[in-house]
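Below is input_11.txt, holding compact mmCIF, C-alpha atoms and all ligand atoms.
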# COMPACT_ATOMS: atom_id res chain seq x y z
CA MET T 1 40.44 -28.07 13.80
CA SER T 2 37.08 -26.63 14.82
CA ALA T 3 35.16 -24.75 12.15
CA ILE T 4 33.11 -23.05 14.87
CA GLU T 5 34.17 -22.45 18.47
CA VAL T 6 31.82 -20.69 20.84
CA GLU T 7 32.82 -19.86 24.40
CA GLY T 8 30.63 -18.23 27.01
CA LEU T 9 28.16 -16.89 24.43
CA THR T 10 25.80 -14.40 26.02
CA VAL T 11 23.09 -12.41 24.28
CA ARG T 12 20.82 -9.78 25.79
CA LEU T 13 17.82 -8.50 23.87
CA ASP T 14 16.34 -5.26 25.17
CA GLY T 15 18.03 -5.92 28.51
CA THR T 16 16.76 -9.50 28.87
CA LEU T 17 19.31 -12.29 29.07
CA ILE T 18 18.33 -14.73 26.29
CA VAL T 19 21.51 -16.76 25.78
CA ASP T 20 23.36 -17.42 28.99
CA GLY T 21 26.94 -18.66 28.69
CA VAL T 22 26.75 -21.20 25.89
CA ASP T 23 29.84 -23.23 24.97
CA LEU T 24 29.65 -25.11 21.70
CA ASP T 25 31.98 -26.36 18.99
CA VAL T 26 31.55 -27.80 15.53
CA ALA T 27 34.39 -29.65 13.83
CA GLU T 28 35.23 -29.10 10.17
CA GLY T 29 32.72 -31.11 8.10
CA GLU T 30 30.55 -31.93 11.10
CA TRP T 31 26.76 -31.49 11.34
CA VAL T 32 25.61 -30.23 14.74
CA THR T 33 21.96 -29.53 15.53
CA VAL T 34 20.64 -27.40 18.37
CA ILE T 35 17.27 -28.46 19.72
CA GLY T 36 15.16 -27.10 22.56
CA PRO T 37 11.65 -25.94 23.39
CA ASN T 38 10.10 -22.74 22.01
CA GLY T 39 11.80 -19.67 23.39
CA ALA T 40 14.93 -21.56 24.52
CA GLY T 41 17.16 -19.12 22.61
CA LYS T 42 18.12 -21.33 19.63
CA SER T 43 17.54 -18.70 16.90
CA THR T 44 19.12 -15.99 18.99
CA ALA T 45 22.24 -18.10 19.58
CA LEU T 46 22.46 -19.01 15.89
CA ARG T 47 22.15 -15.39 14.79
CA ALA T 48 24.87 -14.36 17.23
CA ILE T 49 27.15 -17.16 16.02
CA GLY T 50 26.51 -15.95 12.46
CA GLY T 51 27.64 -12.46 13.44
CA LEU T 52 24.15 -10.99 12.97
CA LEU T 53 23.64 -9.93 16.60
CA ALA T 54 25.80 -8.30 19.25
CA PHE T 55 26.99 -10.82 21.84
CA GLY T 56 29.29 -11.37 24.81
CA GLY T 57 31.85 -14.19 24.83
CA THR T 58 33.86 -15.51 21.92
CA VAL T 59 32.89 -16.85 18.51
CA ARG T 60 35.67 -18.14 16.25
CA TRP T 61 35.26 -19.37 12.69
CA HIS T 62 38.17 -21.53 11.58
CA GLY T 63 40.11 -20.21 14.55
CA VAL T 64 39.61 -16.50 13.76
CA PRO T 65 37.42 -14.34 16.05
CA ALA T 66 34.33 -13.49 13.99
CA ASP T 67 34.55 -9.77 14.79
CA ARG T 68 38.05 -9.53 13.25
CA LEU T 69 36.78 -10.29 9.75
CA SER T 70 35.50 -7.74 7.25
CA ARG T 71 31.95 -8.05 5.90
CA ARG T 72 33.24 -9.63 2.71
CA GLU T 73 35.45 -12.13 4.56
CA ARG T 74 32.52 -13.07 6.79
CA ALA T 75 30.24 -13.67 3.81
CA LYS T 76 32.83 -15.94 2.26
CA ALA T 77 33.19 -17.91 5.51
CA VAL T 78 29.61 -18.26 6.76
CA ALA T 79 26.17 -18.40 5.11
CA THR T 80 23.10 -18.11 7.33
CA VAL T 81 19.53 -19.07 6.51
CA LEU T 82 17.18 -17.28 8.88
CA GLN T 83 13.63 -18.39 9.62
CA SER T 84 12.02 -15.35 8.00
CA PRO T 85 14.54 -13.35 6.00
CA VAL T 86 13.59 -9.86 4.85
CA VAL T 87 13.00 -10.07 1.11
CA PRO T 88 13.42 -7.09 -1.24
CA PRO T 89 9.98 -6.35 -2.72
CA ALA T 90 9.18 -7.62 -6.24
CA MET T 91 12.49 -9.46 -6.52
CA ARG T 92 12.68 -12.47 -8.83
CA VAL T 93 13.99 -15.82 -7.63
CA PHE T 94 17.08 -15.80 -9.87
CA ASP T 95 18.12 -12.30 -8.74
CA TYR T 96 17.54 -13.17 -5.09
CA VAL T 97 19.72 -16.29 -5.31
CA LEU T 98 22.33 -14.21 -7.17
CA LEU T 99 22.53 -11.97 -4.08
CA GLY T 100 24.37 -14.92 -2.51
CA ARG T 101 27.22 -14.16 -4.91
CA THR T 102 27.59 -10.54 -3.72
CA PRO T 103 30.84 -11.20 -1.81
CA PHE T 104 32.47 -12.40 -5.03
CA ILE T 105 31.40 -9.44 -7.20
CA PRO T 106 33.92 -6.55 -7.14
CA PRO T 107 32.62 -3.13 -6.02
CA LEU T 108 30.90 -1.46 -9.02
CA GLY T 109 31.51 -4.68 -10.99
CA ARG T 110 29.07 -7.12 -12.52
CA GLU T 111 28.48 -10.81 -11.88
CA SER T 112 30.72 -13.18 -13.84
CA ALA T 113 29.79 -16.29 -15.83
CA MET T 114 30.95 -18.27 -12.80
CA ASP T 115 28.47 -16.45 -10.53
CA LEU T 116 25.63 -17.14 -12.96
CA ALA T 117 26.67 -20.80 -13.24
CA ALA T 118 26.72 -21.14 -9.44
CA VAL T 119 23.15 -19.82 -9.29
CA GLU T 120 22.00 -22.18 -12.07
CA GLU T 121 23.58 -25.11 -10.26
CA VAL T 122 21.78 -24.55 -6.96
CA LEU T 123 18.46 -23.84 -8.68
CA VAL T 124 18.72 -27.24 -10.37
CA ALA T 125 19.85 -28.97 -7.16
CA LEU T 126 16.88 -27.57 -5.23
CA ASP T 127 14.32 -28.26 -7.94
CA LEU T 128 13.76 -24.53 -8.49
CA GLU T 129 14.62 -23.96 -12.17
CA SER T 130 11.01 -23.43 -13.16
CA PHE T 131 10.69 -20.70 -10.51
CA ALA T 132 13.71 -18.66 -11.66
CA GLY T 133 11.62 -15.86 -13.23
CA ARG T 134 8.91 -15.77 -10.54
CA ARG T 135 8.62 -12.97 -7.98
CA LEU T 136 9.33 -14.25 -4.47
CA GLU T 137 6.01 -13.11 -3.02
CA THR T 138 4.15 -15.37 -5.48
CA LEU T 139 5.80 -18.54 -4.10
CA SER T 140 4.36 -20.84 -1.47
CA GLY T 141 6.02 -20.92 1.97
CA GLY T 142 7.90 -24.13 1.17
CA GLU T 143 9.07 -22.92 -2.25
CA ARG T 144 10.32 -19.71 -0.65
CA GLN T 145 12.16 -21.67 2.05
CA ARG T 146 14.03 -23.57 -0.66
CA VAL T 147 14.92 -20.26 -2.35
CA PHE T 148 16.39 -18.95 0.94
CA LEU T 149 18.53 -22.06 1.17
CA ALA T 150 19.51 -21.69 -2.50
CA ARG T 151 20.82 -18.20 -1.86
CA ALA T 152 22.95 -19.46 1.06
CA LEU T 153 24.32 -22.38 -0.97
CA ALA T 154 25.13 -20.09 -3.92
CA GLN T 155 27.28 -18.12 -1.49
CA GLY T 156 29.62 -21.14 -1.38
CA ALA T 157 30.69 -20.53 2.23
CA GLY T 158 32.30 -23.39 4.15
CA ILE T 159 30.03 -22.93 7.19
CA LEU T 160 26.26 -23.13 6.83
CA LEU T 161 23.99 -21.95 9.67
CA LEU T 162 20.41 -23.11 9.24
CA ASP T 163 17.56 -21.91 11.43
CA GLU T 164 14.68 -24.37 11.08
CA PRO T 165 15.51 -25.02 7.40
CA THR T 166 12.65 -27.44 6.76
CA SER T 167 9.82 -26.10 8.93
CA ALA T 168 7.62 -25.19 5.93
CA LEU T 169 8.50 -28.16 3.74
CA ASP T 170 6.45 -31.26 2.96
CA ILE T 171 8.04 -34.55 3.91
CA GLY T 172 9.44 -35.15 0.40
CA HIS T 173 11.06 -31.75 0.06
CA GLN T 174 12.24 -31.97 3.66
CA GLN T 175 14.23 -35.07 2.87
CA GLU T 176 15.42 -33.68 -0.47
CA VAL T 177 16.78 -30.51 1.13
CA LEU T 178 18.47 -32.28 4.05
CA GLU T 179 19.98 -34.92 1.74
CA LEU T 180 21.34 -32.15 -0.49
CA VAL T 181 22.98 -30.38 2.45
CA ASP T 182 24.37 -33.70 3.66
CA ARG T 183 25.74 -34.49 0.20
CA LEU T 184 27.43 -31.08 0.01
CA ARG T 185 28.90 -31.75 3.41
CA ALA T 186 30.38 -35.03 2.17
CA GLU T 187 31.58 -33.61 -1.16
CA ARG T 188 32.77 -30.16 -0.14
CA GLY T 189 33.45 -30.62 3.56
CA LEU T 190 30.69 -28.16 4.44
CA THR T 191 30.20 -27.60 8.19
CA VAL T 192 26.57 -27.41 9.31
CA LEU T 193 25.08 -25.89 12.46
CA ALA T 194 21.28 -26.09 12.43
CA THR T 195 18.30 -25.64 14.69
CA MET T 196 15.40 -28.05 14.25
CA HIS T 197 12.15 -28.98 15.97
CA ASP T 198 11.54 -32.40 14.44
CA LEU T 199 13.62 -34.44 16.87
CA THR T 200 13.70 -37.68 14.89
CA THR T 201 14.84 -35.90 11.73
CA ALA T 202 17.29 -33.81 13.73
CA GLY T 203 18.84 -36.98 15.14
CA GLU T 204 19.05 -38.65 11.73
CA TYR T 205 21.25 -35.97 10.22
CA ALA T 206 23.28 -34.67 13.18
CA ASP T 207 26.63 -36.06 14.28
CA ARG T 208 26.09 -34.30 17.61
CA MET T 209 23.31 -32.32 19.24
CA PHE T 210 23.00 -29.60 21.85
CA LEU T 211 19.81 -29.29 23.89
CA LEU T 212 19.22 -25.67 24.83
CA ALA T 213 16.84 -24.74 27.65
CA ALA T 214 16.34 -21.22 29.01
CA GLY T 215 19.43 -20.00 27.17
CA ARG T 216 21.79 -22.67 28.55
CA VAL T 217 23.13 -25.98 27.31
CA ALA T 218 21.16 -28.64 29.18
CA ALA T 219 22.65 -31.65 27.35
CA SER T 220 25.03 -32.38 24.51
CA GLY T 221 26.43 -35.44 22.78
CA THR T 222 25.41 -37.92 20.12
CA PRO T 223 21.69 -38.04 19.18
CA ALA T 224 21.30 -41.19 21.33
CA GLU T 225 22.80 -39.37 24.31
CA VAL T 226 20.65 -36.25 23.94
CA LEU T 227 17.34 -37.71 22.75
CA THR T 228 16.44 -39.56 25.93
CA GLU T 229 13.08 -39.85 27.66
CA PRO T 230 14.29 -38.04 30.82
CA HIS T 231 15.82 -35.12 28.88
CA LEU T 232 12.71 -34.59 26.78
CA ALA T 233 10.36 -35.01 29.74
CA GLU T 234 12.29 -32.43 31.74
CA HIS T 235 12.78 -29.79 29.06
CA TYR T 236 9.76 -30.21 26.75
CA ARG T 237 7.36 -31.41 29.47
CA VAL T 238 6.20 -34.24 27.29
CA LYS T 239 6.09 -37.98 27.69
CA VAL T 240 7.91 -39.63 24.82
CA ARG T 241 8.91 -43.10 23.80
CA ILE T 242 12.30 -43.53 22.16
CA ILE T 243 12.49 -46.35 19.63
CA GLU T 244 15.82 -47.45 18.22
CA GLY T 245 15.81 -46.73 14.47
CA ASP T 246 18.31 -47.59 11.72
CA ARG T 247 19.52 -44.00 11.47
CA GLY T 248 19.11 -42.90 15.08
CA PRO T 249 16.47 -42.66 17.80
CA LEU T 250 12.81 -42.34 16.73
CA VAL T 251 11.03 -39.96 19.07
CA VAL T 252 7.32 -40.58 19.54
CA ALA T 253 5.18 -38.44 21.83
CA VAL T 254 2.70 -40.47 23.84
CA ARG T 255 -0.42 -39.34 25.70
CA GLY T 256 -0.59 -39.00 29.43
N1 LIG T 301 13.67 -7.93 21.96
C1 LIG T 301 13.42 -8.88 22.85
N2 LIG T 301 13.27 -8.59 24.16
C2 LIG T 301 13.05 -9.56 25.07
N3 LIG T 301 12.92 -10.86 24.76
C3 LIG T 301 13.05 -11.21 23.47
C4 LIG T 301 13.30 -10.25 22.45
N4 LIG T 301 13.38 -10.90 21.27
C5 LIG T 301 13.18 -12.20 21.55
N5 LIG T 301 12.98 -12.39 22.86
C6 LIG T 301 12.73 -13.67 23.56
O1 LIG T 301 13.88 -14.47 23.48
C7 LIG T 301 13.50 -15.84 23.66
C8 LIG T 301 14.31 -16.69 22.72
O2 LIG T 301 13.87 -16.47 21.39
P1 LIG T 301 14.43 -17.38 20.21
O3 LIG T 301 13.71 -16.98 18.97
O4 LIG T 301 15.91 -17.33 20.21
O5 LIG T 301 13.97 -18.83 20.70
P2 LIG T 301 13.92 -20.20 19.93
O6 LIG T 301 14.53 -21.21 20.84
O7 LIG T 301 14.54 -20.07 18.58
O8 LIG T 301 12.36 -20.42 19.85
P3 LIG T 301 11.40 -21.10 18.74
O9 LIG T 301 11.60 -22.58 18.89
O10 LIG T 301 10.05 -20.67 19.22
O11 LIG T 301 11.78 -20.57 17.40
C9 LIG T 301 12.01 -15.88 23.47
O12 LIG T 301 11.39 -16.09 24.73
C10 LIG T 301 11.65 -14.50 22.93
O13 LIG T 301 10.37 -14.09 23.36
Now that the file is in, can you turn its structure into structure tokens?
Ligand SMILES: Nc1ncnc2c1ncn2[C@@H]1O[C@H](COP(=O)(O)OP(=O)(O)OP(=O)(O)O)[C@@H](O)[C@H]1O
Amino acid sequence: MSAIEVEGLTVRLDGTLIVDGVDLDVAEGEWVTVIGPNGAGKSTALRAIGGLLAFGGTVRWHGVPADRLSRRERAKAVATVLQSPVVPPAMRVFDYVLLGRTPFIPPLGRESAMDLAAVEEVLVALDLESFAGRRLETLSGGERQRVFLARALAQGAGILLLDEPTSALDIGHQQEVLELVDRLRAERGLTVLATMHDLTTAGEYADRMFLLAAGRVAASGTPAEVLTEPHLAEHYRVKVRIIEGDRGPLVVAVRG
């Protein structure tokens, strides 16, 4: 069964058509990555799929149309990590990650020992324990990006939507974060839909990819099928060389 089914997704922002009839599906436990040049509509499509933007077409999570679920049901089904989330001022890392547990806390109730344990667990997994008491605005960009992911993981949803989850991370933390998500996928059957710019890394982790260009799907398939010299030349206007790597195609931009 598909965890995510998207049919004819259309998004207009201030009257401009940004996402133009996208069909996409992600199987339970699958990792799908959307790539595409700047402005292609990747973030917009992801936000619509996450139920954070008004859209035309159909989005189903585990077979249920997204707009039929209550806020609480949505939060239990899907966790989204945006590129630049709005952060409450002066909030400490622990409390911010605890916000991920909001759907599990009864109205007017308090967090349980299980909620606190879930927060502790992700802080350890993401190498963030020593930051627990720090205010978010005092963290570096990469540290903050890991905190945003921590909040989404603490939410414990089965579907994880990640918009450029590693753009601010150094190469070590990049691998650490992606390996953690991949491990959770293997252990908990997490379904991942991500957008990424680093094409080699995108291809290493994705089962399938969608190449978006001007709001439409220009190519889809396995990383080897999507990451081809003609596709990248046409849509990124760049000359690349594709080298066969152990874990997928290595994409190298070449001059001229
Ligand atoms: N309110 C708006 N009105 C008109 N156009 C908008 C509006 N908001 C965003 N856009 C445009 O929508 C397009 C798609 O933006 P989006 O952020 O989805 O692209 P993206 O593929 O994620 O790009 P990037 O790789 O640069 O993050 C961009 O050209 C952007 O300028």
Taking only C-alpha atoms into account, which of T:Arg101, T:Arg146, T:Lys76, T:His62 comes nearest Ile4 in chain T? T:His62
Could you tell me how far atom P2 of ligand LIG 301 (chain T) lies from CA of Ser43 in chain T, in Å and to one decimal?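 The value is 5.0 Å.
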Please find the residues contacting ligand LIG 301 (chain T) at a distance of at most 9 Å between atoms, with only C-alpha atoms and all ligand atoms counted, and report them as a ChimeraX atom specification. /T:12-19,35-47,83,163-164,195-197,212-215
Can you work out the spacing between CA of Val177 in chain T and CA of Asp115 in chain T in Å, to one decimal? 21.7 Å
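Considering the residues T:Val226, T:Leu9, T:Val124, T:Val26 and counting only C-alpha atoms, Leu190 in chain T has its shortest atom-to-atom contact with T:Val26.
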Point-to-point distance from CA of Ala77 in chain T to CA of Ala157 in chain T, Å rounded to tenths: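 So the two atoms, CA of Ala77 in chain T and CA of Ala157 in chain T, lie 4.9 Å apart.
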Select, from T:Thr222, T:Gln155, T:Thr58, T:Thr33, the residue with the minimum atom-to-atom distance to Val6 in chain T, counting all atoms listed in the file.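 Among the listed residues, the smallest separation from Val6 in chain T belongs to T:Thr58.
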Best match for closeness to Leu136 in chain T among T:Arg72, T:Arg188, T:His235, T:Arg92, counting all atoms listed in the file: T:Arg92
List every residue of range 142-183 of chain T that has an atom at most 10 Å from any atom of range 202-206 of chain T, and for each one report the closest atom pair and its distance in Å to one decimal, counting all atoms listed in the file, with rows sorted by chain and then by increasing residue number, as CSV.
residue,atom,partner,partner_atom,distance
T:Leu178,CA,T:Tyr205,CA,7.7
T:Glu179,CA,T:Tyr205,CA,8.6
T:Val181,CA,T:Tyr205,CA,9.7
T:Asp182,CA,T:Tyr205,CA,7.6
Polymer residues at most 12 Å from Ser112 in chain T, all atoms listed in the file, same-chain spacing of 6 or more positions, as a PyMOL selection string: chain T and resi 98+101-102+104-106+118-119
Residue with smallest distance to Pro165 in chain T - pool T:Gly141, T:Pro230, T:Gly51, T:Gly256, counting all atoms listed in the file: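 Closest to Pro165 in chain T, using all atoms listed in the file: T:Gly141.
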Answer as a list in words, residues within 12 Å of (28.8, -29.2, 24.4) using all atoms listed in the file: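 Nearby residues: Glu5, Val6, Glu7, Gly8, Gly21, Val22, Asp23, Leu24, Asp25, Val26, Ala27, Val32, Thr33, Val34, Arg208, Met209, Phe210, Leu211, Leu212, Arg216, Val217, Ala218, Ala219, Ser220, Gly221, Thr222, Glu225 and Val226 of chain T.
Across T:Pro103, T:Val93, T:Glu30, T:Tyr236, the tightest approach to Ser70 in chain T is made by T:Pro103 when counting only C-alpha atoms.
Excluding Val251 in chain T itself and same-chain residues fewer than 3 positions from it, the residues having an atom within 10 Å of it are Asp198, Leu199, Thr200, Thr201, Gly203, Leu227, Thr228, Glu229, Leu232, Val240, Arg241, Ile242, Ile243, Glu244, Gly245, Gly248 and Val254 of chain T, counting only C-alpha atoms.
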To test the calculation: enclose all listed atoms of range 123-137 of chain T in a box whose edges run along x, y and z, add 6 Å on each side, then state centre and edge lengths in Å to one decimal, as AutoDock Vina command-line options.
--center_x 12.9 --center_y -21.0 --center_z -8.1 --size_x 25.8 --size_y 28.0 --size_z 22.2
Identify, on the basis of all atoms listed in the file, every residue whose closest approach to Asp127 in chain T does not exceed 12 Å; exclude the query and any residue fewer than 6 positions from it along the same chain; express the result as a ChimeraX atom specification. /T:120-121,142-144,146-147,149-150,172-173,176-177,180
Just the selected residues (C-alpha atoms), exported as an mmCIF file, in the coordinates of the input, please.
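So out10.cif came out as:
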data_model
loop_
_atom_site.group_PDB
_atom_site.id
_atom_site.type_symbol
_atom_site.label_atom_id
_atom_site.label_comp_id
_atom_site.auth_asym_id
_atom_site.auth_seq_id
_atom_site.Cartn_x
_atom_site.Cartn_y
_atom_site.Cartn_z
ATOM 1 C CA GLU T 120 22.000 -22.180 -12.070
ATOM 2 C CA GLU T 121 23.580 -25.110 -10.260
ATOM 3 C CA GLY T 142 7.900 -24.130 1.170
ATOM 4 C CA GLU T 143 9.070 -22.920 -2.250
ATOM 5 C CA ARG T 144 10.320 -19.710 -0.650
ATOM 6 C CA ARG T 146 14.030 -23.570 -0.660
ATOM 7 C CA VAL T 147 14.920 -20.260 -2.350
ATOM 8 C CA LEU T 149 18.530 -22.060 1.170
ATOM 9 C CA ALA T 150 19.510 -21.690 -2.500
ATOM 10 C CA GLY T 172 9.440 -35.150 0.400
ATOM 11 C CA HIS T 173 11.060 -31.750 0.060
ATOM 12 C CA GLU T 176 15.420 -33.680 -0.470
ATOM 13 C CA VAL T 177 16.780 -30.510 1.130
ATOM 14 C CA LEU T 180 21.340 -32.150 -0.490
#
Need the shell around Gly133 in chain T: protein/DNA/RNA residues with any atom at most 12 Å away, counting only C-alpha atoms. Skip same-chain ones fewer than 5 positions apart. Format as a PyMOL selection string? chain T and resi 90-97+123+128+138-139
